[in-house]
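Worksheet: one structure, shown below.
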Protein chains: 2
Amino acid sequence: MSVEDRMATIHQPSMHAMCGHDPMESELFRSVLSRIGDKWSVMLVGMLHEGPRRFTELKQMTPGISSRMLTHTLRQLERDGLVEREIFAEIPPRVVYSSTPLGKSLAGPMLAVAEWASDHQAEISANRERYDASAED
Amino acid sequence: MSVEDRMATIHQPSMHAMCGHDPMESELFRSVLSRIGDKWSVMLVGMLHEGPRRFTELKQMTPGISSRMLTHTLRQLERDGLVEREIFAEIPPRVVYSSTPLGKSLAGPMLAVAEWASDHQAEISANRERYDASAED
DNA sequence: CAGGATCCGTGGTGATACTG
DNA sequence: CAGTATCACCACGGATCCTG
């Protein structure tokens with residue numbers, strides 16, 4: 001029995017029970033999921049999980065991101081308490097972002113999903129091509 | 001040593017290595033993450049993981065979703081090969097959606113994230129209030 | 001260096017009405 | 001029952017310019 005199988009049998013969460021049918025609760029639930037599901041959050045949380053980084057470092061490590069979206073996304077993550085922002089009053093200014101305990105607790109599950117996405121990229125890509133090909137008639 | 005700790009030490013994926021810096025690769029990677037990060041996909045995959053469901057069942061189990069978005073989201077999931085669609089030519093018509101093996105392989109990691117979101121709802125909600133309160137000056 | 005401000009296009013989402 | 005069609009909105013995100 002693999003470790004994965006053991007993990008699966010230890011606890012089997014139910015989506016139906018989790019997301020709840022209380023409007024308020026399910027709204028918060030979805031707002032959390034959509035935060036980590038937006039365009040840049042996953043990558044930034046993953047990078048900060050490896051260690052603290054400066055603004056420019058993050059920008060260079062994240063190809064395609066603009067300063068605007070980097071700032072915006074980091075602020076949202078800071079708001080949720082996933083990321084900490086430390087300012088050094090120097091010239092030139094230096095700002096260091098790091099993962100909080102809460103952020104680190106998310107990194108594990110989130111990296112598992114990211115790894116799944118990485119592992120199944122080819123399969124999904126093929127599925128899409130097949131679907132699109134059979135759709136054009 | 002807990003099972004969670006063991007899992008963490010067995011394999012430590014690196015976001016930096018995973019998302020890749022090849023533009024094509026990272027684009028597909030993000031498209032996969034944003035699919036499962038959109039407003040309804042997580043809930044639908046979670047529900048179908050518990051068993052096949054009809055269109056109307058899914059609609060009733062997913063408070064707030066419109067027919068349009070339910071159809072649209074299910075089509076996207078079908079396109080990616082996460083969900084299978086079976087049509088029974090009856091009157092009235094009956095359509096049953098079910099999770100594919102690929103969809104089931106995603107459910108584990110995804111439910112872990114969903115569980116994290118559920119577990120930390122209160123903490124995140126408090127963080128947001130604190131952040132917003134200190135912002136208004 | 002680390003952003004803030006502004007404009008603007010696109011796409012995801014909802015509301016409504018209709019159909020095989 | 002299980003959708004489709006259409007309109008409309010607006011938040012997400014990119015581009016550009018500016019600043020302490």
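By order of appearance in the structure tokens: chains A, B, ..., then residues from 1 within every chain, and ligands from 1 in the order shown.
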Can you tell me, as a CSV table (one decimal) with C-alpha atoms (C1' of nucleotides), in the first residue's frame, what residues are no more than 12 Å from stretch 7-19 of chain C when counting only C-alpha atoms (C1' of nucleotides), ignoring any on the same chain fewer than 3 positions away?
chain,number,residue,atom,x,y,z
B,34,SER,CA,-7.0,28.8,-13.7
B,35,ARG,CA,-9.5,26.2,-14.9
B,38,ASP,CA,-12.4,29.4,-11.5
B,39,LYS,CA,-15.7,30.1,-9.8
B,40,TRP,CA,-17.4,26.7,-10.1
B,64,GLY,CA,-26.2,30.4,-7.0
B,65,ILE,CA,-25.1,28.8,-10.3
B,66,SER,CA,-27.0,29.6,-13.5
B,67,SER,CA,-27.9,27.0,-16.2
B,68,ARG,CA,-25.6,28.9,-18.5
B,69,MET,CA,-22.5,28.7,-16.2
B,70,LEU,CA,-23.3,25.1,-15.2
B,72,HIS,CA,-20.3,26.1,-19.7
B,73,THR,CA,-18.2,24.9,-16.8
D,1,DC,C1',-35.3,18.2,-18.6
D,2,DA,C1',-31.4,20.1,-20.3
D,3,DG,C1',-30.0,23.1,-22.3
D,4,DT,C1',-29.2,27.7,-26.2
D,5,DA,C1',-29.2,32.7,-27.4
D,6,DT,C1',-28.6,37.3,-26.4
D,7,DC,C1',-27.6,41.4,-23.9
D,8,DA,C1',-25.1,43.8,-20.4
D,9,DC,C1',-21.9,44.5,-16.7
D,10,DC,C1',-17.6,45.0,-14.6
D,11,DA,C1',-13.5,43.0,-12.5
D,12,DC,C1',-9.1,41.2,-14.1
D,13,DG,C1',-5.2,42.3,-16.2
D,14,DG,C1',-1.9,44.9,-19.5
D,15,DA,C1',0.3,49.3,-21.1
D,16,DT,C1',2.0,53.5,-20.1
D,17,DC,C1',3.6,57.3,-17.5
Both chains have the same sequence, so superpose chain A on chain B over all Cα atoms paired in order and return it as a tab-separated table (two decimals) with N, CA and C atoms, in the first residue's frame.
chain	number	residue	atom	x	y	z
A	1	MET	N	6.34	11.15	14.40
A	1	MET	CA	6.26	11.87	13.11
A	1	MET	C	4.90	11.59	12.46
A	2	SER	N	4.21	12.65	12.15
A	2	SER	CA	2.87	12.47	11.58
A	2	SER	C	2.95	12.06	10.12
A	3	VAL	N	1.84	11.58	9.63
A	3	VAL	CA	1.77	11.20	8.21
A	3	VAL	C	2.00	12.42	7.32
A	4	GLU	N	1.45	13.55	7.76
A	4	GLU	CA	1.63	14.77	6.98
A	4	GLU	C	3.11	15.11	6.86
A	5	ASP	N	3.84	15.00	7.98
A	5	ASP	CA	5.25	15.31	7.95
A	5	ASP	C	6.00	14.36	7.03
A	6	ARG	N	5.61	13.09	7.10
A	6	ARG	CA	6.26	12.11	6.24
A	6	ARG	C	6.02	12.46	4.77
A	7	MET	N	4.76	12.77	4.48
A	7	MET	CA	4.43	13.14	3.10
A	7	MET	C	5.28	14.31	2.63
A	8	ALA	N	5.46	15.25	3.54
A	8	ALA	CA	6.18	16.47	3.16
A	8	ALA	C	7.64	16.18	2.85
A	9	THR	N	8.19	15.17	3.51
A	9	THR	CA	9.60	14.88	3.31
A	9	THR	C	9.85	13.95	2.14
A	10	ILE	N	8.83	13.20	1.75
A	10	ILE	CA	9.01	12.25	0.66
A	10	ILE	C	9.30	12.96	-0.64
A	11	HIS	N	8.51	14.01	-0.89
A	11	HIS	CA	8.68	14.72	-2.15
A	11	HIS	C	8.41	16.19	-1.94
A	12	GLN	N	9.35	17.01	-2.32
A	12	GLN	CA	9.18	18.44	-2.13
A	12	GLN	C	9.26	19.14	-3.48
A	13	PRO	N	8.13	19.29	-4.14
A	13	PRO	CA	8.15	19.91	-5.46
A	13	PRO	C	8.50	21.40	-5.37
A	14	SER	N	9.20	21.87	-6.35
A	14	SER	CA	9.58	23.27	-6.38
A	14	SER	C	8.78	24.01	-7.44
A	15	MET	N	8.12	25.06	-7.01
A	15	MET	CA	7.33	25.85	-7.94
A	15	MET	C	8.21	26.44	-9.03
A	16	HIS	N	9.38	26.86	-8.59
A	16	HIS	CA	10.30	27.49	-9.52
A	16	HIS	C	10.65	26.54	-10.67
A	17	ALA	N	10.86	25.28	-10.32
A	17	ALA	CA	11.21	24.30	-11.34
A	17	ALA	C	9.98	23.90	-12.15
A	18	MET	N	8.81	23.88	-11.47
A	18	MET	CA	7.63	23.33	-12.10
A	18	MET	C	7.02	24.21	-13.18
A	19	CYS	N	6.83	25.48	-12.84
A	19	CYS	CA	6.09	26.31	-13.77
A	19	CYS	C	6.92	26.64	-15.00
A	20	GLY	N	8.20	26.40	-14.91
A	20	GLY	CA	9.05	26.52	-16.09
A	20	GLY	C	9.08	27.92	-16.64
A	21	HIS	N	10.12	28.21	-17.38
A	21	HIS	CA	10.22	29.56	-17.94
A	21	HIS	C	10.02	29.55	-19.44
A	22	ASP	N	9.78	28.38	-19.98
A	22	ASP	CA	9.33	28.32	-21.36
A	22	ASP	C	7.92	28.92	-21.42
A	23	PRO	N	7.75	29.95	-22.23
A	23	PRO	CA	6.46	30.65	-22.28
A	23	PRO	C	5.28	29.71	-22.54
A	24	MET	N	5.45	28.83	-23.51
A	24	MET	CA	4.37	27.90	-23.85
A	24	MET	C	3.99	27.05	-22.65
A	25	GLU	N	5.02	26.52	-22.00
A	25	GLU	CA	4.80	25.59	-20.89
A	25	GLU	C	4.11	26.28	-19.73
A	26	SER	N	4.60	27.46	-19.37
A	26	SER	CA	4.02	28.15	-18.22
A	26	SER	C	2.62	28.65	-18.55
A	27	GLU	N	2.35	28.88	-19.84
A	27	GLU	CA	1.01	29.31	-20.22
A	27	GLU	C	0.01	28.19	-20.01
A	28	LEU	N	0.39	26.99	-20.45
A	28	LEU	CA	-0.48	25.83	-20.26
A	28	LEU	C	-0.66	25.55	-18.78
A	29	PHE	N	0.45	25.65	-18.07
A	29	PHE	CA	0.42	25.43	-16.62
A	29	PHE	C	-0.59	26.35	-15.95
A	30	ARG	N	-0.53	27.60	-16.31
A	30	ARG	CA	-1.45	28.57	-15.72
A	30	ARG	C	-2.88	28.36	-16.18
A	31	SER	N	-3.04	27.93	-17.41
A	31	SER	CA	-4.40	27.72	-17.92
A	31	SER	C	-5.06	26.56	-17.18
A	32	VAL	N	-4.26	25.58	-16.79
A	32	VAL	CA	-4.81	24.46	-16.01
A	32	VAL	C	-5.19	24.94	-14.62
A	33	LEU	N	-4.31	25.72	-14.01
A	33	LEU	CA	-4.59	26.21	-12.67
A	33	LEU	C	-5.79	27.15	-12.63
A	34	SER	N	-5.92	27.96	-13.67
A	34	SER	CA	-7.03	28.91	-13.65
A	34	SER	C	-8.36	28.20	-13.95
A	35	ARG	N	-8.28	27.10	-14.66
A	35	ARG	CA	-9.50	26.34	-14.89
A	35	ARG	C	-10.06	25.82	-13.59
A	36	ILE	N	-9.21	25.17	-12.79
A	36	ILE	CA	-9.69	24.64	-11.53
A	36	ILE	C	-9.80	25.73	-10.48
A	37	GLY	N	-9.40	26.94	-10.81
A	37	GLY	CA	-9.51	28.04	-9.87
A	37	GLY	C	-10.69	28.94	-10.17
A	38	ASP	N	-11.44	28.62	-11.20
A	38	ASP	CA	-12.56	29.51	-11.52
A	38	ASP	C	-13.71	29.29	-10.54
A	39	LYS	N	-14.78	29.98	-10.79
A	39	LYS	CA	-15.80	30.10	-9.75
A	39	LYS	C	-16.48	28.79	-9.38
A	40	TRP	N	-16.64	27.88	-10.33
A	40	TRP	CA	-17.49	26.70	-10.06
A	40	TRP	C	-16.78	25.35	-10.22
A	41	SER	N	-15.66	25.32	-10.91
A	41	SER	CA	-15.03	24.04	-11.25
A	41	SER	C	-14.71	23.19	-10.03
A	42	VAL	N	-14.15	23.81	-9.01
A	42	VAL	CA	-13.75	23.05	-7.83
A	42	VAL	C	-14.95	22.34	-7.22
A	43	MET	N	-16.03	23.08	-7.08
A	43	MET	CA	-17.22	22.49	-6.48
A	43	MET	C	-17.77	21.35	-7.32
A	44	LEU	N	-17.79	21.55	-8.63
A	44	LEU	CA	-18.36	20.52	-9.51
A	44	LEU	C	-17.50	19.26	-9.52
A	45	VAL	N	-16.19	19.45	-9.61
A	45	VAL	CA	-15.30	18.28	-9.60
A	45	VAL	C	-15.45	17.53	-8.27
A	46	GLY	N	-15.54	18.29	-7.19
A	46	GLY	CA	-15.72	17.67	-5.88
A	46	GLY	C	-17.00	16.88	-5.79
A	47	MET	N	-18.07	17.44	-6.33
A	47	MET	CA	-19.37	16.75	-6.27
A	47	MET	C	-19.38	15.50	-7.15
A	48	LEU	N	-18.83	15.61	-8.33
A	48	LEU	CA	-18.81	14.46	-9.23
A	48	LEU	C	-17.86	13.37	-8.73
A	49	HIS	N	-16.93	13.77	-7.88
A	49	HIS	CA	-16.04	12.78	-7.28
A	49	HIS	C	-16.80	11.83	-6.38
A	50	GLU	N	-17.92	12.30	-5.84
A	50	GLU	CA	-18.73	11.47	-4.96
A	50	GLU	C	-19.64	10.54	-5.75
A	51	GLY	N	-19.75	10.77	-7.04
A	51	GLY	CA	-20.59	9.91	-7.86
A	51	GLY	C	-21.20	10.66	-9.02
A	52	PRO	N	-21.71	9.93	-10.04
A	52	PRO	CA	-22.32	10.57	-11.20
A	52	PRO	C	-23.58	11.34	-10.80
A	53	ARG	N	-23.80	12.43	-11.50
A	53	ARG	CA	-24.98	13.25	-11.21
A	53	ARG	C	-25.61	13.74	-12.51
A	54	ARG	N	-26.89	14.00	-12.44
A	54	ARG	CA	-27.60	14.58	-13.56
A	54	ARG	C	-27.46	16.10	-13.53
A	55	PHE	N	-27.81	16.72	-14.65
A	55	PHE	CA	-27.71	18.18	-14.76
A	55	PHE	C	-28.47	18.87	-13.62
A	56	THR	N	-29.70	18.50	-13.44
A	56	THR	CA	-30.54	19.18	-12.45
A	56	THR	C	-30.05	18.92	-11.03
A	57	GLU	N	-29.55	17.72	-10.79
A	57	GLU	CA	-28.98	17.43	-9.48
A	57	GLU	C	-27.84	18.38	-9.16
A	58	LEU	N	-26.93	18.52	-10.13
A	58	LEU	CA	-25.78	19.40	-9.94
A	58	LEU	C	-26.23	20.83	-9.69
A	59	LYS	N	-27.24	21.23	-10.43
A	59	LYS	CA	-27.72	22.60	-10.28
A	59	LYS	C	-28.29	22.83	-8.88
A	60	GLN	N	-29.01	21.82	-8.38
A	60	GLN	CA	-29.59	21.97	-7.05
A	60	GLN	C	-28.52	21.91	-5.95
A	61	MET	N	-27.46	21.13	-6.21
A	61	MET	CA	-26.40	20.99	-5.20
A	61	MET	C	-25.47	22.20	-5.19
A	62	THR	N	-25.57	23.03	-6.21
A	62	THR	CA	-24.65	24.16	-6.34
A	62	THR	C	-25.42	25.47	-6.25
A	63	PRO	N	-25.63	25.94	-5.02
A	63	PRO	CA	-26.47	27.12	-4.84
A	63	PRO	C	-25.88	28.35	-5.53
A	64	GLY	N	-26.71	29.02	-6.31
A	64	GLY	CA	-26.29	30.27	-6.94
A	64	GLY	C	-25.87	30.13	-8.38
A	65	ILE	N	-25.64	28.90	-8.84
A	65	ILE	CA	-25.18	28.74	-10.22
A	65	ILE	C	-26.35	28.85	-11.19
A	66	SER	N	-26.08	29.43	-12.35
A	66	SER	CA	-27.11	29.51	-13.39
A	66	SER	C	-26.95	28.34	-14.34
A	67	SER	N	-28.00	28.06	-15.10
A	67	SER	CA	-27.92	26.99	-16.10
A	67	SER	C	-26.77	27.25	-17.06
A	68	ARG	N	-26.66	28.50	-17.45
A	68	ARG	CA	-25.61	28.87	-18.40
A	68	ARG	C	-24.23	28.50	-17.89
A	69	MET	N	-23.91	28.91	-16.67
A	69	MET	CA	-22.58	28.65	-16.14
A	69	MET	C	-22.38	27.18	-15.82
A	70	LEU	N	-23.45	26.50	-15.43
A	70	LEU	CA	-23.32	25.07	-15.18
A	70	LEU	C	-22.95	24.34	-16.46
A	71	THR	N	-23.68	24.63	-17.52
A	71	THR	CA	-23.37	24.03	-18.82
A	71	THR	C	-21.96	24.40	-19.25
A	72	HIS	N	-21.65	25.69	-19.19
A	72	HIS	CA	-20.35	26.16	-19.65
A	72	HIS	C	-19.20	25.50	-18.88
A	73	THR	N	-19.31	25.47	-17.57
A	73	THR	CA	-18.23	24.90	-16.76
A	73	THR	C	-18.08	23.41	-17.02
A	74	LEU	N	-19.20	22.71	-17.13
A	74	LEU	CA	-19.14	21.27	-17.39
A	74	LEU	C	-18.50	21.00	-18.76
A	75	ARG	N	-18.79	21.87	-19.73
A	75	ARG	CA	-18.19	21.70	-21.06
A	75	ARG	C	-16.68	21.87	-21.01
A	76	GLN	N	-16.23	22.85	-20.23
A	76	GLN	CA	-14.78	23.07	-20.10
A	76	GLN	C	-14.12	21.88	-19.44
A	77	LEU	N	-14.77	21.36	-18.41
A	77	LEU	CA	-14.21	20.21	-17.71
A	77	LEU	C	-14.21	18.98	-18.62
A	78	GLU	N	-15.24	18.88	-19.45
A	78	GLU	CA	-15.31	17.78	-20.40
A	78	GLU	C	-14.19	17.92	-21.44
A	79	ARG	N	-13.98	19.15	-21.86
A	79	ARG	CA	-12.93	19.42	-22.84
A	79	ARG	C	-11.56	19.00	-22.32
A	80	ASP	N	-11.32	19.26	-21.07
A	80	ASP	CA	-10.03	18.90	-20.47
A	80	ASP	C	-9.95	17.42	-20.13
A	81	GLY	N	-11.08	16.72	-20.27
A	81	GLY	CA	-11.07	15.29	-19.98
A	81	GLY	C	-11.21	14.97	-18.50
A	82	LEU	N	-11.73	15.93	-17.72
A	82	LEU	CA	-11.92	15.69	-16.29
A	82	LEU	C	-13.29	15.11	-16.00
A	83	VAL	N	-14.21	15.35	-16.93
A	83	VAL	CA	-15.61	14.97	-16.74
A	83	VAL	C	-16.11	14.29	-18.00
A	84	GLU	N	-16.97	13.29	-17.81
A	84	GLU	CA	-17.57	12.61	-18.94
A	84	GLU	C	-19.05	12.91	-18.99
A	85	ARG	N	-19.56	13.05	-20.21
A	85	ARG	CA	-20.97	13.42	-20.41
A	85	ARG	C	-21.66	12.30	-21.17
A	86	GLU	N	-22.73	11.81	-20.59
A	86	GLU	CA	-23.45	10.70	-21.20
A	86	GLU	C	-24.90	11.12	-21.44
A	87	ILE	N	-25.34	10.97	-22.67
A	87	ILE	CA	-26.68	11.41	-23.04
A	87	ILE	C	-27.57	10.20	-23.27
A	88	PHE	N	-28.74	10.21	-22.65
A	88	PHE	CA	-29.73	9.17	-22.87
A	88	PHE	C	-30.85	9.75	-23.72
A	89	ALA	N	-31.03	9.17	-24.89
A	89	ALA	CA	-32.04	9.68	-25.82
A	89	ALA	C	-33.43	9.25	-25.37
A	90	GLU	N	-33.92	9.95	-24.37
A	90	GLU	CA	-35.24	9.64	-23.85
A	90	GLU	C	-36.08	10.91	-23.87
A	91	ILE	N	-37.36	10.73	-23.56
A	91	ILE	CA	-38.21	11.89	-23.36
A	91	ILE	C	-38.90	11.73	-22.01
A	92	PRO	N	-38.59	12.66	-21.09
A	92	PRO	CA	-37.70	13.82	-21.21
A	92	PRO	C	-36.23	13.41	-21.26
A	93	PRO	N	-35.39	14.21	-21.86
A	93	PRO	CA	-33.97	13.88	-21.99
A	93	PRO	C	-33.27	13.74	-20.63
A	94	ARG	N	-32.27	12.89	-20.60
A	94	ARG	CA	-31.50	12.69	-19.37
A	94	ARG	C	-30.02	12.71	-19.71
A	95	VAL	N	-29.27	13.53	-18.99
A	95	VAL	CA	-27.83	13.64	-19.20
A	95	VAL	C	-27.13	13.40	-17.86
A	96	VAL	N	-26.18	12.49	-17.89
A	96	VAL	CA	-25.47	12.15	-16.65
A	96	VAL	C	-24.00	12.51	-16.79
A	97	TYR	N	-23.51	13.26	-15.82
A	97	TYR	CA	-22.10	13.64	-15.78
A	97	TYR	C	-21.38	12.79	-14.74
A	98	SER	N	-20.17	12.39	-15.11
A	98	SER	CA	-19.37	11.60	-14.16
A	98	SER	C	-17.91	11.98	-14.27
A	99	SER	N	-17.17	11.67	-13.22
A	99	SER	CA	-15.75	11.99	-13.19
A	99	SER	C	-14.95	10.94	-13.93
A	100	THR	N	-14.00	11.36	-14.74
A	100	THR	CA	-13.11	10.43	-15.42
A	100	THR	C	-11.96	10.05	-14.48
A	101	PRO	N	-11.16	9.05	-14.87
A	101	PRO	CA	-9.96	8.75	-14.06
A	101	PRO	C	-9.08	9.97	-13.84
A	102	LEU	N	-8.93	10.77	-14.89
A	102	LEU	CA	-8.14	12.00	-14.75
A	102	LEU	C	-8.77	12.93	-13.72
A	103	GLY	N	-10.08	13.06	-13.79
A	103	GLY	CA	-10.80	13.89	-12.83
A	103	GLY	C	-10.63	13.38	-11.41
A	104	LYS	N	-10.69	12.06	-11.27
A	104	LYS	CA	-10.53	11.48	-9.92
A	104	LYS	C	-9.12	11.69	-9.39
A	105	SER	N	-8.15	11.68	-10.29
A	105	SER	CA	-6.77	11.89	-9.84
A	105	SER	C	-6.56	13.32	-9.35
A	106	LEU	N	-7.37	14.23	-9.86
A	106	LEU	CA	-7.27	15.61	-9.41
A	106	LEU	C	-7.98	15.83	-8.09
A	107	ALA	N	-9.03	15.05	-7.87
A	107	ALA	CA	-9.90	15.29	-6.71
A	107	ALA	C	-9.13	15.27	-5.40
A	108	GLY	N	-8.19	14.35	-5.25
A	108	GLY	CA	-7.43	14.25	-4.01
A	108	GLY	C	-6.70	15.53	-3.67
A	109	PRO	N	-5.74	15.96	-4.52
A	109	PRO	CA	-5.02	17.20	-4.26
A	109	PRO	C	-5.95	18.40	-4.11
A	110	MET	N	-6.98	18.43	-4.96
A	110	MET	CA	-7.86	19.59	-4.96
A	110	MET	C	-8.68	19.67	-3.67
A	111	LEU	N	-9.14	18.52	-3.21
A	111	LEU	CA	-9.91	18.51	-1.97
A	111	LEU	C	-9.02	18.90	-0.79
A	112	ALA	N	-7.74	18.62	-0.89
A	112	ALA	CA	-6.82	19.03	0.17
A	112	ALA	C	-6.77	20.56	0.26
A	113	VAL	N	-6.73	21.21	-0.91
A	113	VAL	CA	-6.74	22.67	-0.92
A	113	VAL	C	-8.09	23.19	-0.41
A	114	ALA	N	-9.15	22.55	-0.87
A	114	ALA	CA	-10.48	22.98	-0.44
A	114	ALA	C	-10.63	22.83	1.07
A	115	GLU	N	-10.07	21.76	1.59
A	115	GLU	CA	-10.14	21.55	3.03
A	115	GLU	C	-9.33	22.62	3.76
A	116	TRP	N	-8.17	22.96	3.18
A	116	TRP	CA	-7.38	24.04	3.77
A	116	TRP	C	-8.20	25.32	3.82
A	117	ALA	N	-8.87	25.63	2.71
A	117	ALA	CA	-9.68	26.85	2.65
A	117	ALA	C	-10.77	26.81	3.72
A	118	SER	N	-11.37	25.64	3.87
A	118	SER	CA	-12.43	25.49	4.86
A	118	SER	C	-11.88	25.67	6.28
A	119	ASP	N	-10.73	25.08	6.51
A	119	ASP	CA	-10.14	25.12	7.85
A	119	ASP	C	-9.69	26.52	8.25
A	120	HIS	N	-9.29	27.33	7.25
A	120	HIS	CA	-8.70	28.63	7.58
A	120	HIS	C	-9.60	29.80	7.23
A	121	GLN	N	-10.87	29.50	6.96
A	121	GLN	CA	-11.83	30.56	6.64
A	121	GLN	C	-11.83	31.65	7.69
A	122	ALA	N	-11.98	31.24	8.94
A	122	ALA	CA	-12.11	32.21	10.03
A	122	ALA	C	-10.84	33.05	10.15
A	123	GLU	N	-9.70	32.39	10.10
A	123	GLU	CA	-8.43	33.09	10.25
A	123	GLU	C	-8.25	34.13	9.14
A	124	ILE	N	-8.55	33.71	7.90
A	124	ILE	CA	-8.41	34.63	6.77
A	124	ILE	C	-9.38	35.79	6.87
A	125	SER	N	-10.59	35.46	7.27
A	125	SER	CA	-11.60	36.50	7.42
A	125	SER	C	-11.14	37.54	8.44
A	126	ALA	N	-10.58	37.08	9.54
A	126	ALA	CA	-10.08	37.98	10.58
A	126	ALA	C	-8.91	38.80	10.06
A	127	ASN	N	-8.01	38.16	9.32
A	127	ASN	CA	-6.87	38.87	8.74
A	127	ASN	C	-7.34	40.00	7.84
A	128	ARG	N	-8.34	39.73	7.04
A	128	ARG	CA	-8.85	40.75	6.12
A	128	ARG	C	-9.43	41.92	6.88
A	129	GLU	N	-10.19	41.63	7.91
A	129	GLU	CA	-10.79	42.71	8.69
A	129	GLU	C	-9.72	43.58	9.33
A	130	ARG	N	-8.71	42.91	9.88
A	130	ARG	CA	-7.63	43.64	10.53
A	130	ARG	C	-6.89	44.52	9.53
A	131	TYR	N	-6.62	43.94	8.36
A	131	TYR	CA	-5.91	44.69	7.32
A	131	TYR	C	-6.73	45.90	6.87
A	132	ASP	N	-8.01	45.67	6.63
A	132	ASP	CA	-8.86	46.76	6.15
A	132	ASP	C	-9.02	47.85	7.21
A	133	ALA	N	-9.06	47.42	8.47
A	133	ALA	CA	-9.22	48.40	9.55
A	133	ALA	C	-7.99	49.29	9.67
A	134	SER	N	-6.81	48.70	9.55
A	134	SER	CA	-5.58	49.49	9.67
A	134	SER	C	-5.32	50.31	8.41
A	135	ALA	N	-6.03	50.01	7.35
A	135	ALA	CA	-5.82	50.73	6.09
A	135	ALA	C	-6.60	52.03	6.06
A	136	GLU	N	-7.75	52.04	6.72
A	136	GLU	CA	-8.58	53.25	6.68
A	136	GLU	C	-8.07	54.27	7.69
A	137	ASP	N	-7.36	55.26	7.20
A	137	ASP	CA	-6.84	56.31	8.08
A	137	ASP	C	-7.15	57.68	7.53
Strand (DSSP E or B) per DSSP on the backbone: members of chain B, as a list in words: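 Strand (DSSP E or B) members of chain B, listed: Arg53, Arg54, Val83, Glu84, Arg85, Glu86, Ile87, Phe88, Arg94, Val95, Val96, Tyr97, Ser98 and Ser99 of chain B.
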Produce a file of the selected residues containing N, CA, C and O atoms, as an mmCIF file, in the first residue's frame.
data_model
loop_
_atom_site.group_PDB
_atom_site.id
_atom_site.type_symbol
_atom_site.label_atom_id
_atom_site.label_comp_id
_atom_site.auth_asym_id
_atom_site.auth_seq_id
_atom_site.Cartn_x
_atom_site.Cartn_y
_atom_site.Cartn_z
ATOM 1 N N ARG B 53 -23.833 12.475 -11.475
ATOM 2 C CA ARG B 53 -25.000 13.316 -11.186
ATOM 3 C C ARG B 53 -25.637 13.807 -12.491
ATOM 4 O O ARG B 53 -24.961 13.990 -13.496
ATOM 5 N N ARG B 54 -26.924 14.072 -12.403
ATOM 6 C CA ARG B 54 -27.628 14.668 -13.542
ATOM 7 C C ARG B 54 -27.474 16.180 -13.502
ATOM 8 O O ARG B 54 -27.087 16.758 -12.485
ATOM 9 N N VAL B 83 -14.217 15.315 -16.931
ATOM 10 C CA VAL B 83 -15.608 14.940 -16.719
ATOM 11 C C VAL B 83 -16.137 14.268 -17.982
ATOM 12 O O VAL B 83 -15.763 14.641 -19.097
ATOM 13 N N GLU B 84 -16.988 13.276 -17.789
ATOM 14 C CA GLU B 84 -17.589 12.593 -18.920
ATOM 15 C C GLU B 84 -19.081 12.896 -18.969
ATOM 16 O O GLU B 84 -19.733 12.988 -17.924
ATOM 17 N N ARG B 85 -19.596 13.032 -20.184
ATOM 18 C CA ARG B 85 -20.993 13.400 -20.379
ATOM 19 C C ARG B 85 -21.705 12.289 -21.134
ATOM 20 O O ARG B 85 -21.271 11.885 -22.218
ATOM 21 N N GLU B 86 -22.791 11.806 -20.546
ATOM 22 C CA GLU B 86 -23.514 10.700 -21.153
ATOM 23 C C GLU B 86 -24.957 11.122 -21.384
ATOM 24 O O GLU B 86 -25.642 11.556 -20.456
ATOM 25 N N ILE B 87 -25.397 10.981 -22.617
ATOM 26 C CA ILE B 87 -26.740 11.419 -22.988
ATOM 27 C C ILE B 87 -27.646 10.223 -23.222
ATOM 28 O O ILE B 87 -27.289 9.311 -23.963
ATOM 29 N N PHE B 88 -28.808 10.242 -22.581
ATOM 30 C CA PHE B 88 -29.800 9.196 -22.811
ATOM 31 C C PHE B 88 -30.928 9.777 -23.667
ATOM 32 O O PHE B 88 -31.584 10.744 -23.247
ATOM 33 N N ARG B 94 -32.313 12.935 -20.503
ATOM 34 C CA ARG B 94 -31.539 12.732 -19.285
ATOM 35 C C ARG B 94 -30.065 12.749 -19.641
ATOM 36 O O ARG B 94 -29.632 12.081 -20.583
ATOM 37 N N VAL B 95 -29.302 13.560 -18.927
ATOM 38 C CA VAL B 95 -27.858 13.672 -19.145
ATOM 39 C C VAL B 95 -27.158 13.444 -17.818
ATOM 40 O O VAL B 95 -27.505 14.069 -16.820
ATOM 41 N N VAL B 96 -26.211 12.511 -17.827
ATOM 42 C CA VAL B 96 -25.491 12.181 -16.601
ATOM 43 C C VAL B 96 -24.020 12.535 -16.756
ATOM 44 O O VAL B 96 -23.383 12.157 -17.745
ATOM 45 N N TYR B 97 -23.531 13.287 -15.776
ATOM 46 C CA TYR B 97 -22.122 13.656 -15.759
ATOM 47 C C TYR B 97 -21.399 12.808 -14.721
ATOM 48 O O TYR B 97 -21.935 12.553 -13.639
ATOM 49 N N SER B 98 -20.182 12.403 -15.077
ATOM 50 C CA SER B 98 -19.396 11.621 -14.125
ATOM 51 C C SER B 98 -17.925 11.992 -14.249
ATOM 52 O O SER B 98 -17.483 12.542 -15.254
ATOM 53 N N SER B 99 -17.188 11.681 -13.212
ATOM 54 C CA SER B 99 -15.765 11.998 -13.168
ATOM 55 C C SER B 99 -14.969 10.937 -13.907
ATOM 56 O O SER B 99 -15.240 9.746 -13.774
#
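Residues of chain C having any atom within 9 Å of chain A, counting only C-alpha atoms (C1' of nucleotides), are DC1, DA2, DG3 and DG4 of chain C.
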